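model-v6.pdb, holding PDB, C-alpha atoms, pLDDT in the B column:
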```
MODEL        1
ATOM      1  CA  MET J  46      97.219 148.521  24.326  1.00 42.00           C
ATOM      2  CA  SER J  47      93.742 149.118  25.649  1.00 47.00           C
ATOM      3  CA  ARG J  48      93.143 149.558  29.317  1.00 54.00           C
ATOM      4  CA  HIS J  49      90.534 147.506  31.119  1.00 54.00           C
ATOM      5  CA  HIS J  50      88.916 149.250  34.056  1.00 56.00           C
ATOM      6  CA  VAL J  51      87.797 146.848  36.757  1.00 58.00           C
ATOM      7  CA  LEU J  52      84.785 148.087  38.693  1.00 72.00           C
ATOM      8  CA  ILE J  53      85.403 147.333  42.378  1.00 78.00           C
ATOM      9  CA  MET J  54      82.080 146.492  43.985  1.00 88.00           C
ATOM     10  CA  TYR J  55      81.159 147.089  47.609  1.00 93.00           C
ATOM     11  CA  ILE J  56      78.240 146.658  49.997  1.00 95.00           C
ATOM     12  CA  ALA J  57      76.820 149.988  51.194  1.00 96.00           C
ATOM     13  CA  HIS J  58      76.104 150.215  54.923  1.00 97.00           C
ATOM     14  CA  VAL J  59      73.798 152.826  56.460  1.00 97.00           C
ATOM     15  CA  LEU J  60      72.762 153.319  60.105  1.00 96.00           C
ATOM     16  CA  ILE J  61      69.312 154.675  60.997  1.00 96.00           C
ATOM     17  CA  SER J  62      68.929 155.588  64.660  1.00 94.00           C
ATOM     18  CA  GLY J  63      66.718 157.728  66.855  1.00 93.00           C
ATOM     19  CA  THR J  64      63.177 158.925  66.235  1.00 93.00           C
ATOM     20  CA  ILE J  65      61.946 158.610  62.642  1.00 94.00           C
ATOM     21  CA  SER J  66      60.758 162.019  61.432  1.00 93.00           C
ATOM     22  CA  ARG J  67      60.505 164.122  58.272  1.00 92.00           C
ATOM     23  CA  ARG J  68      63.996 165.341  59.064  1.00 91.00           C
ATOM     24  CA  THR J  69      65.169 161.720  58.917  1.00 94.00           C
ATOM     25  CA  VAL J  70      63.638 161.436  55.451  1.00 95.00           C
ATOM     26  CA  GLU J  71      65.346 164.648  54.310  1.00 93.00           C
ATOM     27  CA  GLU J  72      68.717 163.449  55.603  1.00 94.00           C
ATOM     28  CA  TYR J  73      68.610 159.906  54.232  1.00 96.00           C
ATOM     29  CA  THR J  74      66.901 160.416  50.863  1.00 95.00           C
ATOM     30  CA  PRO J  75      70.079 161.698  49.122  1.00 94.00           C
ATOM     31  CA  VAL J  76      72.063 158.801  50.618  1.00 95.00           C
ATOM     32  CA  PHE J  77      69.582 156.161  49.468  1.00 97.00           C
ATOM     33  CA  ASP J  78      69.217 157.772  46.016  1.00 96.00           C
ATOM     34  CA  PHE J  79      72.991 157.689  45.531  1.00 95.00           C
ATOM     35  CA  ILE J  80      73.254 154.063  46.622  1.00 95.00           C
ATOM     36  CA  ARG J  81      70.416 153.127  44.276  1.00 95.00           C
ATOM     37  CA  LYS J  82      72.004 154.856  41.272  1.00 94.00           C
ATOM     38  CA  THR J  83      75.691 154.041  41.674  1.00 91.00           C
ATOM     39  CA  GLY J  84      76.937 151.001  39.802  1.00 90.00           C
ATOM     40  CA  ARG J  85      79.640 150.308  42.376  1.00 91.00           C
ATOM     41  CA  SER J  86      77.195 149.427  45.125  1.00 94.00           C
ATOM     42  CA  ALA J  87      76.204 145.781  44.825  1.00 95.00           C
ATOM     43  CA  GLY J  88      73.801 145.872  47.748  1.00 96.00           C
ATOM     44  CA  LEU J  89      72.707 147.720  50.870  1.00 97.00           C
ATOM     45  CA  ILE J  90      72.756 146.842  54.562  1.00 97.00           C
ATOM     46  CA  VAL J  91      70.647 149.062  56.842  1.00 98.00           C
ATOM     47  CA  SER J  92      71.437 148.891  60.553  1.00 97.00           C
ATOM     48  CA  ILE J  93      68.483 150.039  62.647  1.00 97.00           C
ATOM     49  CA  ASN J  94      68.304 151.224  66.248  1.00 97.00           C
ATOM     50  CA  SER J  95      65.041 153.114  66.661  1.00 96.00           C
ATOM     51  CA  SER J  96      61.814 152.893  68.629  1.00 93.00           C
ATOM     52  CA  GLY J  97      59.883 154.305  65.665  1.00 93.00           C
ATOM     53  CA  GLY J  98      58.395 157.712  64.997  1.00 92.00           C
ATOM     54  CA  GLU J  99      56.109 159.389  62.466  1.00 92.00           C
ATOM     55  CA  ALA J 100      54.016 157.046  60.335  1.00 92.00           C
ATOM     56  CA  ASN J 101      54.347 159.139  57.174  1.00 93.00           C
ATOM     57  CA  ALA J 102      58.136 159.411  57.488  1.00 95.00           C
ATOM     58  CA  SER J 103      58.392 155.663  58.094  1.00 95.00           C
ATOM     59  CA  GLU J 104      56.339 154.933  54.973  1.00 96.00           C
ATOM     60  CA  LEU J 105      58.539 157.225  52.867  1.00 97.00           C
ATOM     61  CA  LEU J 106      61.724 155.435  53.962  1.00 97.00           C
ATOM     62  CA  PHE J 107      60.011 152.058  53.494  1.00 97.00           C
ATOM     63  CA  ASN J 108      59.304 153.079  49.892  1.00 97.00           C
ATOM     64  CA  LYS J 109      62.910 154.222  49.404  1.00 97.00           C
ATOM     65  CA  LEU J 110      64.198 150.772  50.323  1.00 98.00           C
ATOM     66  CA  LEU J 111      61.672 149.153  47.991  1.00 97.00           C
ATOM     67  CA  GLU J 112      63.082 151.288  45.150  1.00 97.00           C
ATOM     68  CA  ILE J 113      66.612 150.081  45.891  1.00 97.00           C
ATOM     69  CA  ARG J 114      65.415 146.458  46.039  1.00 96.00           C
ATOM     70  CA  LYS J 115      64.408 146.652  42.387  1.00 96.00           C
ATOM     71  CA  SER J 116      68.072 146.691  41.340  1.00 95.00           C
ATOM     72  CA  LYS J 117      70.090 145.274  44.268  1.00 96.00           C
ATOM     73  CA  PRO J 118      69.540 143.301  47.484  1.00 97.00           C
ATOM     74  CA  VAL J 119      68.714 145.096  50.736  1.00 98.00           C
ATOM     75  CA  TYR J 120      69.290 143.522  54.163  1.00 98.00           C
ATOM     76  CA  SER J 121      68.259 145.134  57.454  1.00 98.00           C
ATOM     77  CA  VAL J 122      69.922 144.488  60.800  1.00 98.00           C
ATOM     78  CA  ILE J 123      68.164 145.426  64.038  1.00 98.00           C
ATOM     79  CA  GLU J 124      70.816 146.562  66.496  1.00 95.00           C
ATOM     80  CA  GLY J 125      69.234 147.582  69.781  1.00 92.00           C
ATOM     81  CA  MET J 126      65.642 148.251  68.776  1.00 96.00           C
ATOM     82  CA  GLY J 127      63.601 147.854  65.629  1.00 96.00           C
ATOM     83  CA  ALA J 128      60.119 148.823  66.741  1.00 95.00           C
ATOM     84  CA  SER J 129      57.009 150.380  65.239  1.00 94.00           C
ATOM     85  CA  GLY J 130      57.950 152.631  62.301  1.00 94.00           C
ATOM     86  CA  SER J 131      61.553 151.436  62.182  1.00 96.00           C
ATOM     87  CA  TYR J 132      60.384 147.822  61.935  1.00 97.00           C
ATOM     88  CA  TRP J 133      58.045 148.905  59.123  1.00 97.00           C
ATOM     89  CA  ILE J 134      61.111 150.246  57.295  1.00 97.00           C
ATOM     90  CA  ALA J 135      62.987 146.987  57.877  1.00 97.00           C
ATOM     91  CA  THR J 136      60.240 144.932  56.239  1.00 97.00           C
ATOM     92  CA  ALA J 137      61.105 146.493  52.883  1.00 97.00           C
ATOM     93  CA  SER J 138      64.325 144.436  52.967  1.00 97.00           C
ATOM     94  CA  ASN J 139      64.981 141.084  51.341  1.00 97.00           C
ATOM     95  CA  ARG J 140      66.130 139.747  54.705  1.00 97.00           C
ATOM     96  CA  ILE J 141      65.963 140.978  58.314  1.00 98.00           C
ATOM     97  CA  TYR J 142      68.620 140.141  60.894  1.00 98.00           C
ATOM     98  CA  SER J 143      68.541 140.919  64.600  1.00 98.00           C
ATOM     99  CA  MET J 144      71.120 140.713  67.336  1.00 97.00           C
ATOM    100  CA  GLU J 145      70.172 138.385  70.196  1.00 96.00           C
ATOM    101  CA  THR J 146      69.693 141.242  72.664  1.00 96.00           C
ATOM    102  CA  SER J 147      67.619 143.430  70.322  1.00 97.00           C
ATOM    103  CA  ILE J 148      63.928 144.288  70.626  1.00 96.00           C
ATOM    104  CA  VAL J 149      61.640 143.746  67.631  1.00 97.00           C
ATOM    105  CA  GLY J 150      58.030 144.515  66.771  1.00 95.00           C
ATOM    106  CA  SER J 151      55.589 147.000  68.314  1.00 93.00           C
ATOM    107  CA  ILE J 152      53.305 146.722  65.300  1.00 94.00           C
ATOM    108  CA  GLY J 153      50.665 149.271  66.210  1.00 88.00           C
ATOM    109  CA  ILE J 154      49.671 152.950  66.168  1.00 79.00           C
ATOM    110  CA  ILE J 155      49.446 155.397  69.072  1.00 76.00           C
ATOM    111  CA  THR J 156      48.675 159.078  69.582  1.00 74.00           C
ATOM    112  CA  LEU J 157      49.376 160.966  72.804  1.00 72.00           C
ATOM    113  CA  THR J 158      47.580 164.238  73.508  1.00 72.00           C
ATOM    114  CA  PRO J 159      48.209 166.054  76.815  1.00 77.00           C
ATOM    115  CA  ASN J 160      45.189 167.465  78.620  1.00 76.00           C
ATOM    116  CA  VAL J 161      46.016 170.558  80.691  1.00 76.00           C
ATOM    117  CA  MET J 162      42.437 171.727  81.223  1.00 74.00           C
ATOM    118  CA  ASN J 163      42.305 170.966  84.976  1.00 77.00           C
ATOM    119  CA  LEU J 164      45.693 172.573  85.570  1.00 77.00           C
ATOM    120  CA  LEU J 165      44.659 175.780  83.813  1.00 71.00           C
ATOM    121  CA  GLU J 166      41.438 175.925  85.810  1.00 75.00           C
ATOM    122  CA  LYS J 167      43.410 175.689  89.060  1.00 81.00           C
ATOM    123  CA  ILE J 168      45.614 178.651  88.167  1.00 85.00           C
ATOM    124  CA  GLY J 169      42.729 180.697  86.802  1.00 80.00           C
ATOM    125  CA  VAL J 170      43.526 180.540  83.091  1.00 79.00           C
ATOM    126  CA  LYS J 171      40.629 180.288  80.668  1.00 79.00           C
ATOM    127  CA  ILE J 172      41.140 179.335  77.023  1.00 75.00           C
ATOM    128  CA  GLU J 173      38.700 180.744  74.464  1.00 78.00           C
ATOM    129  CA  VAL J 174      38.515 178.798  71.218  1.00 75.00           C
ATOM    130  CA  ASN J 175      37.232 180.289  67.960  1.00 75.00           C
ATOM    131  CA  LYS J 176      36.953 177.702  65.220  1.00 73.00           C
ATOM    132  CA  ILE J 177      35.356 176.948  61.881  1.00 76.00           C
ATOM    133  CA  GLY J 178      34.846 173.243  61.491  1.00 76.00           C
ATOM    134  CA  LYS J 179      33.184 171.116  64.141  1.00 77.00           C
ATOM    135  CA  TYR J 180      36.240 168.903  64.752  1.00 69.00           C
ATOM    136  CA  LYS J 181      38.978 171.495  64.255  1.00 75.00           C
ATOM    137  CA  ASP J 182      40.014 171.303  67.927  1.00 72.00           C
ATOM    138  CA  MET J 183      39.576 167.550  68.178  1.00 73.00           C
ATOM    139  CA  LEU J 184      43.117 167.101  69.540  1.00 69.00           C
ATOM    140  CA  SER J 185      43.193 170.272  71.601  1.00 72.00           C
ATOM    141  CA  PRO J 186      44.976 169.910  74.966  1.00 71.00           C
ATOM    142  CA  PHE J 187      42.523 172.439  76.423  1.00 70.00           C
ATOM    143  CA  ARG J 188      39.419 170.229  76.506  1.00 75.00           C
ATOM    144  CA  ASP J 189      38.325 166.646  77.065  1.00 75.00           C
ATOM    145  CA  ILE J 190      37.811 164.735  73.849  1.00 76.00           C
ATOM    146  CA  ASP J 191      34.177 163.699  73.352  1.00 77.00           C
ATOM    147  CA  GLU J 192      33.198 160.223  72.227  1.00 81.00           C
ATOM    148  CA  GLU J 193      32.234 161.299  68.711  1.00 81.00           C
ATOM    149  CA  SER J 194      35.608 162.961  68.191  1.00 75.00           C
ATOM    150  CA  ARG J 195      37.372 159.939  69.667  1.00 79.00           C
ATOM    151  CA  SER J 196      35.521 157.650  67.280  1.00 82.00           C
ATOM    152  CA  ARG J 197      36.554 159.743  64.280  1.00 82.00           C
ATOM    153  CA  LEU J 198      40.156 159.854  65.472  1.00 78.00           C
ATOM    154  CA  MET J 199      40.178 156.081  65.878  1.00 82.00           C
ATOM    155  CA  GLY J 200      38.932 155.800  62.297  1.00 85.00           C
ATOM    156  CA  VAL J 201      41.952 157.738  61.036  1.00 82.00           C
ATOM    157  CA  MET J 202      44.321 155.698  63.208  1.00 82.00           C
ATOM    158  CA  THR J 203      42.755 152.455  61.992  1.00 86.00           C
ATOM    159  CA  ASP J 204      43.402 153.389  58.350  1.00 89.00           C
ATOM    160  CA  VAL J 205      47.061 154.135  59.077  1.00 87.00           C
ATOM    161  CA  PHE J 206      47.397 150.934  61.098  1.00 88.00           C
ATOM    162  CA  GLN J 207      45.912 148.843  58.292  1.00 92.00           C
ATOM    163  CA  LYS J 208      48.566 150.153  55.880  1.00 94.00           C
ATOM    164  CA  PHE J 209      51.326 149.264  58.372  1.00 94.00           C
ATOM    165  CA  ARG J 210      49.776 145.883  59.149  1.00 94.00           C
ATOM    166  CA  ASN J 211      49.233 144.941  55.500  1.00 95.00           C
ATOM    167  CA  ASP J 212      52.782 145.864  54.514  1.00 96.00           C
ATOM    168  CA  VAL J 213      54.161 143.663  57.296  1.00 97.00           C
ATOM    169  CA  LYS J 214      51.826 140.837  56.305  1.00 96.00           C
ATOM    170  CA  ASP J 215      52.798 141.021  52.622  1.00 96.00           C
ATOM    171  CA  ARG J 216      56.540 141.579  53.046  1.00 96.00           C
ATOM    172  CA  ARG J 217      56.925 138.855  55.689  1.00 96.00           C
ATOM    173  CA  SER J 218      54.536 136.423  53.940  1.00 96.00           C
ATOM    174  CA  LEU J 219      52.363 136.005  57.024  1.00 96.00           C
ATOM    175  CA  SER J 220      48.985 134.320  57.091  1.00 97.00           C
ATOM    176  CA  ASP J 221      45.888 136.060  58.448  1.00 96.00           C
ATOM    177  CA  GLU J 222      46.310 134.204  61.721  1.00 97.00           C
ATOM    178  CA  GLU J 223      50.011 135.038  61.967  1.00 97.00           C
ATOM    179  CA  ILE J 224      49.571 138.770  61.399  1.00 96.00           C
ATOM    180  CA  GLU J 225      46.715 138.882  63.913  1.00 96.00           C
ATOM    181  CA  ASP J 226      49.030 137.268  66.449  1.00 96.00           C
ATOM    182  CA  VAL J 227      51.848 139.825  66.050  1.00 96.00           C
ATOM    183  CA  ALA J 228      50.017 143.053  65.151  1.00 94.00           C
ATOM    184  CA  THR J 229      49.168 143.845  68.764  1.00 93.00           C
ATOM    185  CA  GLY J 230      51.758 146.493  69.593  1.00 92.00           C
ATOM    186  CA  GLU J 231      53.775 143.893  71.516  1.00 94.00           C
ATOM    187  CA  ILE J 232      57.583 143.816  71.459  1.00 95.00           C
ATOM    188  CA  TYR J 233      59.591 140.601  71.113  1.00 96.00           C
ATOM    189  CA  SER J 234      63.068 139.281  71.736  1.00 97.00           C
ATOM    190  CA  ALA J 235      65.042 138.225  68.685  1.00 96.00           C
ATOM    191  CA  ARG J 236      64.363 134.561  69.409  1.00 97.00           C
ATOM    192  CA  ILE J 237      60.594 135.009  69.598  1.00 97.00           C
ATOM    193  CA  ALA J 238      60.614 137.391  66.618  1.00 97.00           C
ATOM    194  CA  LYS J 239      62.258 134.673  64.534  1.00 97.00           C
ATOM    195  CA  GLU J 240      59.707 132.114  65.694  1.00 97.00           C
ATOM    196  CA  LYS J 241      56.939 134.486  64.630  1.00 97.00           C
ATOM    197  CA  LYS J 242      58.658 135.095  61.230  1.00 97.00           C
ATOM    198  CA  LEU J 243      59.284 138.784  61.884  1.00 98.00           C
ATOM    199  CA  ILE J 244      63.017 138.283  61.220  1.00 98.00           C
ATOM    200  CA  ASP J 245      65.023 135.781  59.194  1.00 97.00           C
ATOM    201  CA  GLU J 246      68.259 135.362  61.126  1.00 96.00           C
ATOM    202  CA  ILE J 247      69.870 136.179  64.467  1.00 97.00           C
ATOM    203  CA  GLY J 248      73.138 137.970  63.752  1.00 96.00           C
ATOM    204  CA  ASP J 249      74.863 141.337  63.386  1.00 96.00           C
ATOM    205  CA  HIS J 250      75.808 143.460  60.364  1.00 94.00           C
ATOM    206  CA  ASN J 251      78.971 141.403  59.774  1.00 94.00           C
ATOM    207  CA  LYS J 252      76.874 138.264  59.404  1.00 96.00           C
ATOM    208  CA  ALA J 253      74.525 140.116  57.037  1.00 96.00           C
ATOM    209  CA  ALA J 254      77.463 141.384  54.949  1.00 95.00           C
ATOM    210  CA  GLU J 255      78.997 137.901  54.713  1.00 95.00           C
ATOM    211  CA  ASP J 256      75.690 136.392  53.608  1.00 96.00           C
ATOM    212  CA  MET J 257      75.089 139.110  51.029  1.00 96.00           C
ATOM    213  CA  CYS J 258      78.592 138.808  49.572  1.00 94.00           C
ATOM    214  CA  GLN J 259      78.169 135.049  49.343  1.00 93.00           C
ATOM    215  CA  ARG J 260      74.851 135.537  47.562  1.00 94.00           C
ATOM    216  CA  LEU J 261      76.403 137.996  45.101  1.00 93.00           C
ATOM    217  CA  ALA J 262      79.657 136.033  44.753  1.00 91.00           C
ATOM    218  CA  ILE J 263      81.795 139.101  45.449  1.00 91.00           C
ATOM    219  CA  ARG J 264      84.661 139.830  47.821  1.00 91.00           C
ATOM    220  CA  LYS J 265      83.588 141.330  51.145  1.00 92.00           C
ATOM    221  CA  ARG J 266      83.994 145.104  50.950  1.00 93.00           C
ATOM    222  CA  VAL J 267      81.744 147.366  53.015  1.00 94.00           C
ATOM    223  CA  LYS J 268      81.506 151.128  52.585  1.00 94.00           C
ATOM    224  CA  TYR J 269      79.783 153.177  55.271  1.00 94.00           C
ATOM    225  CA  PHE J 270      77.467 156.053  54.351  1.00 93.00           C
ATOM    226  CA  ALA J 271      76.042 158.680  56.704  1.00 89.00           C
ATOM    227  CA  PRO J 272      73.842 161.725  56.039  1.00 87.00           C
ATOM    228  CA  ARG J 273      75.422 165.138  56.385  1.00 73.00           C
ATOM    229  CA  ARG J 274      74.544 166.836  59.661  1.00 64.00           C
ATOM    230  CA  PRO J 275      73.831 170.584  59.964  1.00 55.00           C
ATOM    231  CA  PHE J 276      76.901 172.822  59.648  1.00 54.00           C
ATOM    232  CA  LEU J 277      77.245 173.635  63.366  1.00 49.00           C
ATOM    233  CA  TYR J 278      77.067 169.957  64.298  1.00 50.00           C
ATOM    234  CA  ARG J 279      79.981 169.276  61.988  1.00 51.00           C
ATOM    235  CA  MET J 280      81.961 172.268  63.277  1.00 54.00           C
ATOM    236  CA  PHE J 281      81.550 171.834  67.039  1.00 51.00           C
ATOM    237  CA  GLY J 282      80.499 168.231  67.483  1.00 52.00           C
ATOM    238  CA  GLU J 283      77.237 167.018  68.987  1.00 49.00           C
ATOM    239  CA  GLY J 284      78.744 166.499  72.455  1.00 52.00           C
ATOM    240  CA  LEU J 285      79.413 170.209  72.880  1.00 52.00           C
ATOM    241  CA  ILE J 286      75.878 171.306  72.076  1.00 49.00           C
ATOM    242  CA  SER J 287      73.266 171.514  74.836  1.00 54.00           C
ATOM    243  CA  ASN J 288      69.832 169.973  74.399  1.00 53.00           C
ATOM    244  CA  ALA J 289      68.160 173.362  74.075  1.00 51.00           C
ATOM    245  CA  VAL J 290      70.594 174.536  71.407  1.00 50.00           C
ATOM    246  CA  ARG J 291      70.375 171.155  69.667  1.00 49.00           C
ATOM    247  CA  GLU J 292      66.607 171.510  69.263  1.00 48.00           C
ATOM    248  CA  ALA J 293      67.047 174.932  67.707  1.00 47.00           C
ATOM    249  CA  LEU J 294      69.745 173.678  65.339  1.00 42.00           C
ATOM    250  CA  GLU J 295      67.477 170.959  64.020  1.00 43.00           C
ATOM    251  CA  GLU J 296      65.723 173.643  61.958  1.00 41.00           C
ATOM    252  CA  ILE J 297      68.915 175.196  60.520  1.00 39.00           C
ATOM    253  CA  ARG J 298      70.051 174.305  56.991  1.00 35.00           C
ATOM    254  CA  PHE J 299      73.382 175.247  55.433  1.00 32.00           C
TER     255      PHE J 299
ENDMDL
END
```

Could you render the structure from this file as structure tokens?
Amino acid sequence: MSRHHVLIMYIAHVLISGTISRRTVEEYTPVFDFIRKTGRSAGLIVSINSSGGEANASELLFNKLLEIRKSKPVYSVIEGMGASGSYWIATASNRIYSMETSIVGSIGIITLTPNVMNLLEKIGVKIEVNKIGKYKDMLSPFRDIDEESRSRLMGVMTDVFQKFRNDVKDRRSLSDEEIEDVATGEIYSARIAKEKKLIDEIGDHNKAAEDMCQRLAIRKRVKYFAPRRPFLYRMFGEGLISNAVREALEEIRF
């Protein structure tokens, strides 16, 4: 008598939290690749609690979710904050949910460069700069930025912003007027975000899972996935590691 193997399907659930960086990409890429390839995963729910981070890292994770969407549905749930780069990532989803108390939006670009020139002058420290390339020290903290350099920097930032803005516009099916209204760097409550079509529903990951299972006509089974942390995190636990040691460990791979 032949045996029939029943493939038990589940919804994969991943949490992205904290600042989005290249390290985030390195940690989550294997997780997303596995979820995309495995036949047991019927869909993916991404819970997000992040104020954003690096534009390039956000774009890479945005693209990862688009890859998964080609073969299975992806829902994002904003739990706490889904702002800037993390909201960009969420827009790759088929649907975006947000809890009532969450913060959504911050569609914009910012750079922060400290200027310590006056402080160094007060303590008698002089910085000598040797450079090849007129704008090589454009973002140096040891001088005031001139208007020409500022203009060129704004040109770079504008190009990055346009990519972010256009992805939001396309993925959320916004008109020119609607994207102009929301792409101001402003943050919104879940209620206002829904009115402005930045999210689809107000609800948590349980609501998202129920809706996805109903869409797929499968029994509700959710499997949680998390990236592997560095070896010493796993051995000692994050609570036992000081901030200074934690920063050093971020560069350790095992």

Legend entry - Distance criterion (all atoms listed in the file): nearest to Thr74 of chain J out of J:Val213, J:Leu219, J:Ala271, J:Leu198: J:Ala271

Inset, instruction - Counting all atoms listed in the file, find the residues whose atoms lie at most 12 Å from (84.1, 144.6, 40.5) (file coordinates) and write them out as an MDAnalysis selection string. - result: chainID J and resid 49:56 84:87 261:266

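Note that the spacing between atom CA of Gly230 of chain J and atom CA of Ile154 of chain J amounts to 7.6 Å.
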
Legend entry - Reference answer for the PyMOL selection byres ((chain J and resi 68-73) around 12), as a ChimeraX atom specification: /J:59-67,74-80,91,95,97-110,131,134,270-275,294-298

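Of note, atom CA of Glu145 of chain J and atom CA of Trp133 of chain J are spaced 19.5 Å apart.
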
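With all atoms listed in the file as the basis for measurement, J:Phe187 is the residue among J:Phe187, J:Asn211, J:Lys181, J:Glu231 that approaches Glu166 of chain J most closely.
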
Legend entry - the PyMOL selection byres ((chain J and resi 241) around 10) resolved against shown file, as a VMD selection string: chain J and resid 217 219 223 to 224 226 to 227 233 235 to 240 242 to 245

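Residues in contact with segment 169-173 of chain J at up to 12 Å, not including ones fewer than 5 positions away on its chain and judged by all atoms listed in the file, are Val161, Met162, Asn163, Leu164, Asp182, Ser185, Pro186, Phe187 and Arg188 of chain J.
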
Restricting it to C-alpha atoms, dump the selection as an mmCIF file, keeping the file's coordinate frame.
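What landed in result_24.cif:
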```
data_model
loop_
_atom_site.group_PDB
_atom_site.id
_atom_site.type_symbol
_atom_site.label_atom_id
_atom_site.label_comp_id
_atom_site.auth_asym_id
_atom_site.auth_seq_id
_atom_site.Cartn_x
_atom_site.Cartn_y
_atom_site.Cartn_z
ATOM 1 C CA VAL J 161 46.016 170.558 80.691
ATOM 2 C CA MET J 162 42.437 171.727 81.223
ATOM 3 C CA ASN J 163 42.305 170.966 84.976
ATOM 4 C CA LEU J 164 45.693 172.573 85.570
ATOM 5 C CA ASP J 182 40.014 171.303 67.927
ATOM 6 C CA SER J 185 43.193 170.272 71.601
ATOM 7 C CA PRO J 186 44.976 169.910 74.966
ATOM 8 C CA PHE J 187 42.523 172.439 76.423
ATOM 9 C CA ARG J 188 39.419 170.229 76.506
#
```

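Atom to atom, atom CA of Thr156 of chain J and atom CA of Met126 of chain J stand 20.1 Å apart.
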
Legend entry - Expansion of the PyMOL selection byres ((chain J and resi 149) around 6) into residues, as a ChimeraX atom specification: /J:127-128,148,150,232-233

Inset, instruction - Rank nothing, just name the residue among J:Ile247, J:Ile177, J:Val205, J:Val119 nearest to Ala57 of chain J, using all atoms listed in the file. - result: J:Val119

Return the padded bounding box of segment 129-141 of chain J as AutoDock Vina command-line options: axis-aligned, built from all atoms listed in the file, 8 Å added on each side, with centre and edge lengths in Å to one decimal.
```
--center_x 61.6 --center_y 146.2 --center_z 58.3 --size_x 25.1 --size_y 28.9 --size_z 29.9
```
